[in-house]
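Everything below belongs to my_file-v5.txt, which stores compact mmCIF, C-alpha atoms.
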```txt
# COMPACT_ATOMS: atom_id res chain seq x y z
CA MET Q 1 -13.94 1.89 -65.01
CA SER Q 2 -15.73 2.81 -61.77
CA GLU Q 3 -14.08 4.75 -58.95
CA PRO Q 4 -12.61 2.62 -56.11
CA ILE Q 5 -14.67 2.39 -52.96
CA GLN Q 6 -13.42 3.84 -49.67
CA LEU Q 7 -13.31 1.37 -46.77
CA ILE Q 8 -12.20 1.91 -43.17
CA SER Q 9 -10.24 -0.82 -41.41
CA LEU Q 10 -11.87 -0.35 -38.04
CA GLY Q 11 -9.98 -1.64 -35.03
CA ALA Q 12 -12.44 0.14 -32.69
CA GLY Q 13 -9.58 1.70 -30.76
CA VAL Q 14 -8.57 5.33 -30.38
CA GLN Q 15 -7.19 6.13 -33.83
CA SER Q 16 -9.57 4.25 -36.12
CA SER Q 17 -12.59 5.39 -34.11
CA THR Q 18 -11.49 9.02 -34.37
CA MET Q 19 -10.91 8.57 -38.09
CA ALA Q 20 -14.37 7.08 -38.60
CA LEU Q 21 -16.10 9.84 -36.62
CA MET Q 22 -14.15 12.53 -38.49
CA ALA Q 23 -15.36 10.99 -41.75
CA ALA Q 24 -18.92 10.96 -40.42
CA LYS Q 25 -18.65 14.70 -39.69
CA GLY Q 26 -17.26 15.39 -43.15
CA GLU Q 27 -13.79 16.34 -41.91
CA ILE Q 28 -12.19 13.56 -43.97
CA GLY Q 29 -13.43 12.74 -47.42
CA PRO Q 30 -14.77 11.22 -49.47
CA MET Q 31 -17.40 9.55 -47.31
CA PRO Q 32 -16.47 5.88 -46.81
CA SER Q 33 -18.75 3.22 -48.19
CA ALA Q 34 -18.32 1.10 -45.07
CA ALA Q 35 -16.07 0.15 -42.18
CA ILE Q 36 -14.87 -3.38 -41.45
CA PHE Q 37 -14.12 -4.70 -37.97
CA ALA Q 38 -12.17 -7.96 -37.83
CA ASP Q 39 -13.23 -9.70 -34.63
CA THR Q 40 -10.68 -12.05 -33.06
CA GLN Q 41 -13.31 -12.86 -30.41
CA ALA Q 42 -10.63 -12.03 -27.85
CA GLU Q 43 -11.12 -8.30 -27.25
CA PRO Q 44 -12.09 -7.03 -23.79
CA ALA Q 45 -15.76 -6.27 -23.17
CA SER Q 46 -15.08 -2.52 -23.31
CA VAL Q 47 -14.18 -2.73 -27.01
CA TYR Q 48 -17.39 -4.52 -27.98
CA GLN Q 49 -19.45 -2.06 -25.91
CA TRP Q 50 -17.69 0.82 -27.62
CA LEU Q 51 -18.27 -0.70 -31.06
CA ASP Q 52 -21.99 -1.02 -30.33
CA TRP Q 53 -22.06 2.72 -29.54
CA LEU Q 54 -19.82 3.73 -32.44
CA GLU Q 55 -21.97 1.97 -35.06
CA LYS Q 56 -24.89 4.21 -34.10
CA GLN Q 57 -22.84 7.36 -34.76
CA LEU Q 58 -21.79 6.49 -38.31
CA PRO Q 59 -23.78 7.11 -41.51
CA PHE Q 60 -22.17 4.11 -43.21
CA PRO Q 61 -22.43 0.42 -42.25
CA VAL Q 62 -19.95 -1.41 -40.05
CA TYR Q 63 -19.36 -5.02 -41.05
CA ARG Q 64 -18.12 -7.39 -38.35
CA VAL Q 65 -16.11 -10.26 -39.81
CA THR Q 66 -14.27 -13.08 -38.10
CA ALA Q 67 -12.04 -16.05 -38.79
CA GLY Q 68 -13.30 -17.65 -35.59
CA SER Q 69 -11.95 -17.64 -32.08
CA LEU Q 70 -8.27 -16.78 -31.89
CA THR Q 71 -8.18 -18.32 -28.43
CA THR Q 72 -9.39 -21.66 -29.75
CA THR Q 73 -7.01 -21.58 -32.70
CA ALA Q 74 -3.97 -20.68 -30.59
CA LEU Q 75 -4.69 -23.51 -28.16
CA THR Q 76 -5.36 -26.16 -30.79
CA VAL Q 77 -2.84 -28.97 -31.28
CA ASN Q 78 -2.51 -30.04 -34.91
CA THR Q 79 -1.05 -33.24 -36.34
CA ASN Q 80 1.42 -33.47 -39.21
CA LYS Q 81 -0.22 -35.73 -41.80
CA LYS Q 82 3.10 -37.15 -42.98
CA THR Q 83 4.90 -37.76 -39.69
CA GLY Q 84 1.94 -38.10 -37.35
CA LYS Q 85 3.63 -35.74 -34.87
CA ALA Q 86 1.60 -33.16 -33.02
CA TYR Q 87 2.49 -29.48 -33.12
CA LEU Q 88 1.14 -26.08 -32.11
CA ARG Q 89 0.55 -23.34 -34.67
CA LYS Q 90 2.31 -20.77 -32.48
CA LEU Q 91 -0.07 -17.98 -33.42
CA ILE Q 92 0.70 -15.76 -30.44
CA PRO Q 93 4.11 -14.00 -30.31
CA ALA Q 94 4.70 -15.03 -26.72
CA TYR Q 95 8.05 -14.60 -25.01
CA THR Q 96 9.76 -17.90 -24.28
CA LEU Q 97 12.17 -19.37 -21.79
CA ASN Q 98 14.22 -22.11 -23.43
CA PRO Q 99 15.56 -25.22 -21.66
CA ASP Q 100 19.10 -23.78 -21.77
CA GLY Q 101 17.96 -20.59 -20.04
CA SER Q 102 18.00 -18.43 -23.16
CA LYS Q 103 15.05 -16.27 -24.17
CA GLY Q 104 13.08 -16.31 -27.40
CA LEU Q 105 9.89 -15.30 -29.14
CA LEU Q 106 7.31 -17.56 -30.75
CA GLY Q 107 6.23 -17.07 -34.34
CA ARG Q 108 3.17 -14.93 -35.09
CA ASP Q 109 0.28 -15.56 -37.47
CA CYS Q 110 -2.50 -13.93 -35.44
CA THR Q 111 -2.62 -10.61 -37.32
CA LEU Q 112 -2.58 -12.25 -40.73
CA ASP Q 113 -5.05 -15.04 -39.95
CA HIS Q 114 -7.51 -13.18 -37.75
CA LYS Q 115 -7.22 -9.56 -38.91
CA ILE Q 116 -5.87 -9.14 -42.42
CA GLN Q 117 -7.44 -12.14 -44.15
CA PRO Q 118 -11.02 -11.55 -42.91
CA LEU Q 119 -10.70 -7.85 -43.75
CA THR Q 120 -9.36 -8.64 -47.20
CA LYS Q 121 -12.12 -11.14 -47.92
CA LYS Q 122 -14.82 -8.60 -47.04
CA ALA Q 123 -13.07 -5.78 -48.90
CA ARG Q 124 -12.88 -7.98 -52.01
CA GLU Q 125 -16.61 -8.66 -51.71
CA LEU Q 126 -17.60 -5.02 -51.16
CA GLY Q 127 -15.31 -3.78 -53.91
CA LYS Q 128 -16.62 -6.44 -56.30
CA ILE Q 129 -13.05 -7.37 -57.11
CA LYS Q 130 -12.70 -9.81 -59.97
CA HIS Q 131 -10.25 -12.69 -60.08
CA GLY Q 132 -6.88 -11.45 -61.34
CA GLN Q 133 -7.89 -7.78 -61.13
CA LYS Q 134 -4.92 -5.44 -61.34
CA HIS Q 135 -6.50 -1.99 -61.13
CA ILE Q 136 -7.34 -0.33 -57.81
CA GLY Q 137 -10.86 -1.14 -56.64
CA VAL Q 138 -10.53 -0.42 -52.91
CA ILE Q 139 -8.96 2.44 -50.96
CA GLN Q 140 -8.36 1.05 -47.48
CA TRP Q 141 -8.17 3.62 -44.66
CA ILE Q 142 -5.88 2.58 -41.81
CA GLY Q 143 -5.88 4.39 -38.46
CA ILE Q 144 -2.17 4.85 -37.88
CA SER Q 145 -1.29 8.21 -36.32
CA LEU Q 146 1.76 10.40 -36.86
CA ASP Q 147 3.58 9.03 -33.80
CA GLU Q 148 3.42 5.53 -35.31
CA VAL Q 149 4.51 6.44 -38.83
CA SER Q 150 6.97 3.52 -38.91
CA ARG Q 151 4.01 1.14 -39.06
CA MET Q 152 2.90 2.37 -42.50
CA LYS Q 153 3.07 -0.41 -45.06
CA PRO Q 154 1.79 -0.38 -48.66
CA SER Q 155 -0.84 -2.88 -49.71
CA ARG Q 156 0.42 -6.19 -51.08
CA LEU Q 157 -2.65 -6.55 -53.26
CA PRO Q 158 -2.78 -5.03 -56.77
CA TRP Q 159 -6.44 -4.05 -56.38
CA SER Q 160 -6.09 -2.37 -52.98
CA GLN Q 161 -4.40 0.86 -51.97
CA HIS Q 162 -3.70 1.91 -48.37
CA ARG Q 163 -4.44 5.39 -47.09
CA TRP Q 164 -3.57 6.92 -43.70
CA PRO Q 165 -5.85 9.96 -43.14
CA LEU Q 166 -4.53 10.72 -39.64
CA ILE Q 167 -0.99 10.98 -40.96
CA GLU Q 168 -2.24 13.20 -43.81
CA LEU Q 169 -3.64 15.50 -41.11
CA GLU Q 170 -0.48 15.18 -38.99
CA MET Q 171 -2.51 13.91 -36.04
CA THR Q 172 -0.95 12.01 -33.16
CA ARG Q 173 -2.73 9.65 -30.80
CA HIS Q 174 -2.95 12.50 -28.30
CA ASP Q 175 -4.53 14.70 -30.97
CA CYS Q 176 -7.18 12.00 -31.43
CA PHE Q 177 -8.10 12.18 -27.75
CA ARG Q 178 -8.28 15.99 -27.96
CA TRP Q 179 -10.50 15.83 -31.06
CA MET Q 180 -12.88 13.39 -29.35
CA GLU Q 181 -13.11 15.61 -26.27
CA LYS Q 182 -13.58 18.78 -28.35
CA ASN Q 183 -16.49 17.17 -30.21
CA GLY Q 184 -18.17 15.85 -27.08
CA PHE Q 185 -17.48 12.18 -27.70
CA PRO Q 186 -16.53 9.73 -24.94
CA LYS Q 187 -12.98 8.45 -24.60
CA PRO Q 188 -12.38 5.37 -26.78
CA PRO Q 189 -11.01 2.19 -25.21
CA ARG Q 190 -7.72 0.54 -26.06
CA SER Q 191 -8.25 -2.10 -28.70
CA ALA Q 192 -6.20 -5.30 -28.56
CA CYS Q 193 -6.63 -8.95 -27.71
CA ILE Q 194 -6.71 -9.40 -23.97
CA TYR Q 195 -3.64 -11.63 -23.98
CA CYS Q 196 -1.51 -9.77 -26.54
CA PRO Q 197 2.19 -10.00 -25.54
CA PHE Q 198 2.68 -6.47 -26.93
CA HIS Q 199 0.83 -5.00 -23.93
CA SER Q 200 2.91 -2.57 -21.91
CA ASP Q 201 3.01 -3.04 -18.14
CA HIS Q 202 0.76 0.00 -17.97
CA GLU Q 203 -1.86 -1.79 -20.06
CA TRP Q 204 -1.58 -4.99 -18.05
CA ARG Q 205 -2.19 -2.96 -14.91
CA ARG Q 206 -5.16 -1.23 -16.52
CA LEU Q 207 -6.69 -4.57 -17.48
CA LYS Q 208 -6.10 -5.97 -14.02
CA THR Q 209 -7.72 -3.01 -12.24
CA GLU Q 210 -10.38 -1.85 -14.72
CA GLU Q 211 -11.33 -5.06 -16.52
CA PRO Q 212 -10.58 -7.89 -14.07
CA ALA Q 213 -12.60 -10.43 -16.04
CA ALA Q 214 -10.45 -9.81 -19.12
CA PHE Q 215 -7.28 -10.05 -17.05
CA ALA Q 216 -8.47 -13.33 -15.54
CA ASP Q 217 -9.07 -14.66 -19.05
CA ALA Q 218 -5.52 -13.65 -20.01
CA VAL Q 219 -4.12 -15.46 -16.97
CA LYS Q 220 -6.07 -18.58 -17.90
CA PHE Q 221 -4.92 -18.38 -21.53
CA GLU Q 222 -1.29 -18.16 -20.45
CA LYS Q 223 -1.64 -21.19 -18.19
CA ASP Q 224 -3.41 -23.18 -20.94
CA LEU Q 225 -0.73 -22.23 -23.46
CA GLN Q 226 2.04 -23.22 -21.05
CA ALA Q 227 0.35 -26.55 -20.39
CA LEU Q 228 0.33 -27.37 -24.11
CA HIS Q 229 3.96 -26.41 -24.56
CA ALA Q 230 5.04 -28.33 -21.47
CA ASN Q 231 3.57 -31.46 -23.01
CA HIS Q 232 6.42 -32.29 -25.40
CA GLU Q 233 4.62 -35.33 -26.73
CA GLY Q 234 1.54 -33.27 -27.57
CA GLY Q 235 3.47 -30.19 -28.57
CA GLY Q 236 5.95 -31.72 -30.96
CA LYS Q 237 9.39 -30.14 -30.86
CA ILE Q 238 8.31 -27.06 -28.93
CA LYS Q 239 10.15 -27.32 -25.65
CA SER Q 240 10.27 -23.67 -24.64
CA LEU Q 241 7.87 -22.29 -22.03
CA PRO Q 242 5.77 -19.30 -23.25
CA PHE Q 243 4.89 -16.21 -21.23
CA LEU Q 244 2.75 -13.19 -22.07
CA ASN Q 245 5.07 -10.71 -20.38
CA LYS Q 246 8.73 -10.13 -21.27
CA ARG Q 247 9.73 -10.63 -17.62
CA LEU Q 248 9.07 -14.35 -18.17
CA VAL Q 249 6.97 -14.48 -15.01
CA PRO Q 250 3.31 -15.65 -14.94
CA LEU Q 251 0.86 -12.76 -15.16
CA ASP Q 252 -0.82 -13.52 -11.85
CA GLU Q 253 2.54 -13.32 -10.07
CA ILE Q 254 3.56 -9.89 -11.39
CA ASP Q 255 3.04 -6.71 -9.36
CA PHE Q 256 2.52 -4.33 -12.27
CA SER Q 257 3.48 -0.71 -11.82
CA ASP Q 258 3.04 2.19 -14.20
CA ASP Q 259 5.32 1.97 -17.19
CA PRO Q 260 7.07 5.36 -17.37
CA ARG Q 261 7.89 4.94 -21.06
CA GLN Q 262 4.38 4.78 -22.48
CA GLY Q 263 0.71 4.83 -21.63
CA TYR Q 264 -0.64 2.69 -24.43
CA LEU Q 265 0.00 -0.53 -26.28
CA ASP Q 266 3.47 -1.17 -27.62
CA PHE Q 267 2.41 -1.89 -31.20
CA ILE Q 268 5.38 -0.32 -32.90
CA ASN Q 269 6.60 -3.92 -33.21
CA GLU Q 270 3.30 -5.01 -34.79
CA CYS Q 271 4.61 -4.86 -38.32
CA GLU Q 272 1.33 -5.16 -40.24
CA GLY Q 273 -0.09 -1.96 -38.77
CA MET Q 274 -3.52 -3.51 -38.21
CA CYS Q 275 -3.68 -4.00 -34.43
CA GLY Q 276 -4.15 -1.60 -31.56
CA VAL Q 277 -5.80 1.19 -33.56
```

Would you mind writing the file out in structure tokens?
Amino acid sequence: MSEPIQLISLGAGVQSSTMALMAAKGEIGPMPSAAIFADTQAEPASVYQWLDWLEKQLPFPVYRVTAGSLTTTALTVNTNKKTGKAYLRKLIPAYTLNPDGSKGLLGRDCTLDHKIQPLTKKARELGKIKHGQKHIGVIQWIGISLDEVSRMKPSRLPWSQHRWPLIELEMTRHDCFRWMEKNGFPKPPRSACIYCPFHSDHEWRRLKTEEPAAFADAVKFEKDLQALHANHEGGGKIKSLPFLNKRLVPLDEIDFSDDPRQGYLDFINECEGMCGV
């Protein structure tokens, strides 16, 4: 039985980029066979520019995989084959204002459909995993840092095992920034879909000031999503109005100020541990 291959789940954010570069310098071993970036096609331009640079620094290949455009999927109205009624897949965990004035949260499939499944498909291919295989064939490195230890989750697949090298080294997100600076590398961007409802107000402000095109796309997405939900006939039973910010105010009407609680994405609630790293 051959040894399992080592694969990095590369989000192209601070933690996973640091982890990949540490591996490239031999500070984490064994050397990975490859890294896999699951592209939702909804990241800001800074992430794709960073990924282009990062690929050139690594001695192992970076595979970009995708399940298609998350934006298109999230704004697609489907039809129930039995009832003929239209419905929305509710992929984005948007905050909602219900007709009775109560607040809610939409269901979320985005991480599973557009991150985990494409990554798993490529990992299965690279690990040459056979149908029904029970023994470990892939060690999957995930870039969760010590300050996000609650996001650690074991693999649900019998042939895959999760590993968290940054936690093994007791490194926090801040330690990742310090390591990058110490080694002369540029500061990595924040990695997340431009319209992720888990953005802190700090991140919304950063997008608005530093990446206005991405912020404008987020504003448009919110308006498009609200238009679909407002159409009860086209949206089935979904009568709540979705928002991307927990204030339940449209993005282009919010005067964002610095969030004193945190300076990065609030992904502690992102239970799969695959986003924002």

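Distance annotation: of Q:Gln41, Q:Ser240, Q:Asn98, Q:Ser150, the residue with the minimal separation from Thr72 of chain Q is Q:Gln41; atom set is all atoms listed in the file.
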
Check which residues of segment 164-200 of chain Q sit at most 12 Å from segment 108-112 of chain Q using only C-alpha atoms, and return one row each with the closest pair of atoms and their distance in Å to one decimal, ordered by chain and rising number, as a tab-separated table.
```
residue	atom	partner	partner_atom	distance
Q:Ala192	CA	Q:Thr111	CA	10.9
Q:Cys193	CA	Q:Cys110	CA	10.1
Q:Tyr195	CA	Q:Cys110	CA	11.7
Q:Cys196	CA	Q:Cys110	CA	9.9
Q:Pro197	CA	Q:Arg108	CA	10.8
Q:Phe198	CA	Q:Arg108	CA	11.8
```

Resulting file, chosen residues, C-alpha atoms, as a PDB file, in the frame of the given file:
```pdb
ATOM      1  CA  ALA Q 192      -6.200  -5.300 -28.560  1.00  0.00           C
ATOM      2  CA  CYS Q 193      -6.630  -8.950 -27.710  1.00  0.00           C
ATOM      3  CA  TYR Q 195      -3.640 -11.630 -23.980  1.00  0.00           C
ATOM      4  CA  CYS Q 196      -1.510  -9.770 -26.540  1.00  0.00           C
ATOM      5  CA  PRO Q 197       2.190 -10.000 -25.540  1.00  0.00           C
ATOM      6  CA  PHE Q 198       2.680  -6.470 -26.930  1.00  0.00           C
TER       7      PHE Q 198
END
```

Which residues of segment 155-209 of chain Q have any atom within 12 Å of an atom in segment 44-54 of chain Q when counting only C-alpha atoms, and what is the closest pair of atoms for each, with the distance in Å to one decimal? Order the rows by chain and rising number and write it as CSV.
```
residue,atom,partner,partner_atom,distance
Q:Phe185,CA,Q:Leu54,CA,10.0
Q:Pro186,CA,Q:Trp50,CA,9.4
Q:Lys187,CA,Q:Trp50,CA,9.5
Q:Pro188,CA,Q:Trp50,CA,7.0
Q:Pro189,CA,Q:Val47,CA,6.1
Q:Arg190,CA,Q:Val47,CA,7.3
Q:Ser191,CA,Q:Val47,CA,6.2
Q:Ala192,CA,Q:Pro44,CA,7.8
Q:Cys193,CA,Q:Pro44,CA,7.0
Q:Ile194,CA,Q:Pro44,CA,5.9
Q:Tyr195,CA,Q:Pro44,CA,9.6
Q:Cys196,CA,Q:Pro44,CA,11.3
Q:Arg206,CA,Q:Pro44,CA,11.6
Q:Leu207,CA,Q:Pro44,CA,8.7
Q:Lys208,CA,Q:Pro44,CA,11.5
```

_Report as a PyMOL selection string all protein, DNA and RNA residues lying within 12 Å of Met180 of chain Q, evaluated on only C-alpha atoms, omitting residues in the same chain fewer than 6 positions from it._
chain Q and resi 14-22+25+173-174+186-188

*Which value, in Å to one decimal, gives the distance between atom CA of Leu10 of chain Q and atom CA of Val277 of chain Q?*
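The value is 7.7 Å.
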
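Interatomic distance, atom CA of Lys103 of chain Q to atom CA of Phe243 of chain Q: 10.6 Å.
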
Extract segment 191-216 of chain Q from the preceding block and save N, CA and C atoms as a PDB file, in the first residue's frame.
```pdb
ATOM      1  N   SER Q 191      -9.176  36.488   1.646  1.00  0.00           N
ATOM      2  CA  SER Q 191      -9.815  35.634   0.651  1.00  0.00           C
ATOM      3  C   SER Q 191     -11.230  35.299   1.076  1.00  0.00           C
ATOM      4  N   ALA Q 192     -12.186  35.727   0.265  1.00  0.00           N
ATOM      5  CA  ALA Q 192     -13.607  35.422   0.504  1.00  0.00           C
ATOM      6  C   ALA Q 192     -14.401  35.959  -0.662  1.00  0.00           C
ATOM      7  N   CYS Q 193     -15.545  35.382  -0.917  1.00  0.00           N
ATOM      8  CA  CYS Q 193     -16.415  35.899  -1.968  1.00  0.00           C
ATOM      9  C   CYS Q 193     -16.776  37.349  -1.661  1.00  0.00           C
ATOM     10  N   ILE Q 194     -16.877  38.142  -2.689  1.00  0.00           N
ATOM     11  CA  ILE Q 194     -17.076  39.578  -2.477  1.00  0.00           C
ATOM     12  C   ILE Q 194     -18.375  39.890  -1.743  1.00  0.00           C
ATOM     13  N   TYR Q 195     -19.361  39.010  -1.854  1.00  0.00           N
ATOM     14  CA  TYR Q 195     -20.655  39.303  -1.227  1.00  0.00           C
ATOM     15  C   TYR Q 195     -20.940  38.377  -0.038  1.00  0.00           C
ATOM     16  N   CYS Q 196     -19.906  37.824   0.571  1.00  0.00           N
ATOM     17  CA  CYS Q 196     -20.123  36.913   1.701  1.00  0.00           C
ATOM     18  C   CYS Q 196     -20.753  37.656   2.884  1.00  0.00           C
ATOM     19  N   PRO Q 197     -21.880  37.182   3.405  1.00  0.00           N
ATOM     20  CA  PRO Q 197     -22.514  37.836   4.554  1.00  0.00           C
ATOM     21  C   PRO Q 197     -21.692  37.745   5.837  1.00  0.00           C
ATOM     22  N   PHE Q 198     -20.635  36.915   5.851  1.00  0.00           N
ATOM     23  CA  PHE Q 198     -19.796  36.810   7.035  1.00  0.00           C
ATOM     24  C   PHE Q 198     -18.747  37.916   7.106  1.00  0.00           C
ATOM     25  N   HIS Q 199     -18.724  38.826   6.128  1.00  0.00           N
ATOM     26  CA  HIS Q 199     -17.810  39.965   6.210  1.00  0.00           C
ATOM     27  C   HIS Q 199     -18.105  40.784   7.463  1.00  0.00           C
ATOM     28  N   SER Q 200     -17.044  41.215   8.149  1.00  0.00           N
ATOM     29  CA  SER Q 200     -17.202  42.196   9.214  1.00  0.00           C
ATOM     30  C   SER Q 200     -17.400  43.575   8.581  1.00  0.00           C
ATOM     31  N   ASP Q 201     -17.865  44.536   9.359  1.00  0.00           N
ATOM     32  CA  ASP Q 201     -17.985  45.898   8.842  1.00  0.00           C
ATOM     33  C   ASP Q 201     -16.626  46.434   8.408  1.00  0.00           C
ATOM     34  N   HIS Q 202     -15.589  46.005   9.094  1.00  0.00           N
ATOM     35  CA  HIS Q 202     -14.237  46.406   8.721  1.00  0.00           C
ATOM     36  C   HIS Q 202     -13.917  45.944   7.299  1.00  0.00           C
ATOM     37  N   GLU Q 203     -14.288  44.704   6.987  1.00  0.00           N
ATOM     38  CA  GLU Q 203     -14.003  44.180   5.657  1.00  0.00           C
ATOM     39  C   GLU Q 203     -14.865  44.843   4.595  1.00  0.00           C
ATOM     40  N   TRP Q 204     -16.121  45.121   4.920  1.00  0.00           N
ATOM     41  CA  TRP Q 204     -16.963  45.844   3.966  1.00  0.00           C
ATOM     42  C   TRP Q 204     -16.353  47.207   3.656  1.00  0.00           C
ATOM     43  N   ARG Q 205     -15.852  47.877   4.684  1.00  0.00           N
ATOM     44  CA  ARG Q 205     -15.240  49.192   4.467  1.00  0.00           C
ATOM     45  C   ARG Q 205     -13.982  49.061   3.622  1.00  0.00           C
ATOM     46  N   ARG Q 206     -13.192  48.020   3.886  1.00  0.00           N
ATOM     47  CA  ARG Q 206     -11.980  47.806   3.098  1.00  0.00           C
ATOM     48  C   ARG Q 206     -12.319  47.592   1.631  1.00  0.00           C
ATOM     49  N   LEU Q 207     -13.330  46.752   1.366  1.00  0.00           N
ATOM     50  CA  LEU Q 207     -13.749  46.526  -0.013  1.00  0.00           C
ATOM     51  C   LEU Q 207     -14.200  47.826  -0.666  1.00  0.00           C
ATOM     52  N   LYS Q 208     -14.979  48.591   0.062  1.00  0.00           N
ATOM     53  CA  LYS Q 208     -15.538  49.821  -0.498  1.00  0.00           C
ATOM     54  C   LYS Q 208     -14.452  50.833  -0.849  1.00  0.00           C
ATOM     55  N   THR Q 209     -13.410  50.909  -0.009  1.00  0.00           N
ATOM     56  CA  THR Q 209     -12.362  51.907  -0.223  1.00  0.00           C
ATOM     57  C   THR Q 209     -11.209  51.402  -1.084  1.00  0.00           C
ATOM     58  N   GLU Q 210     -10.840  50.112  -0.924  1.00  0.00           N
ATOM     59  CA  GLU Q 210      -9.668  49.595  -1.618  1.00  0.00           C
ATOM     60  C   GLU Q 210      -9.994  48.828  -2.896  1.00  0.00           C
ATOM     61  N   GLU Q 211     -11.180  48.238  -2.958  1.00  0.00           N
ATOM     62  CA  GLU Q 211     -11.582  47.486  -4.147  1.00  0.00           C
ATOM     63  C   GLU Q 211     -13.015  47.871  -4.527  1.00  0.00           C
ATOM     64  N   PRO Q 212     -13.187  49.116  -4.973  1.00  0.00           N
ATOM     65  CA  PRO Q 212     -14.537  49.629  -5.256  1.00  0.00           C
ATOM     66  C   PRO Q 212     -15.298  48.820  -6.307  1.00  0.00           C
ATOM     67  N   ALA Q 213     -14.588  48.237  -7.254  1.00  0.00           N
ATOM     68  CA  ALA Q 213     -15.277  47.435  -8.273  1.00  0.00           C
ATOM     69  C   ALA Q 213     -15.910  46.201  -7.638  1.00  0.00           C
ATOM     70  N   ALA Q 214     -15.186  45.570  -6.703  1.00  0.00           N
ATOM     71  CA  ALA Q 214     -15.721  44.409  -6.006  1.00  0.00           C
ATOM     72  C   ALA Q 214     -16.914  44.800  -5.139  1.00  0.00           C
ATOM     73  N   PHE Q 215     -16.807  45.948  -4.480  1.00  0.00           N
ATOM     74  CA  PHE Q 215     -17.920  46.404  -3.645  1.00  0.00           C
ATOM     75  C   PHE Q 215     -19.147  46.693  -4.498  1.00  0.00           C
ATOM     76  N   ALA Q 216     -18.933  47.302  -5.658  1.00  0.00           N
ATOM     77  CA  ALA Q 216     -20.049  47.586  -6.565  1.00  0.00           C
ATOM     78  C   ALA Q 216     -20.713  46.294  -7.031  1.00  0.00           C
TER      79      ALA Q 216
END
```
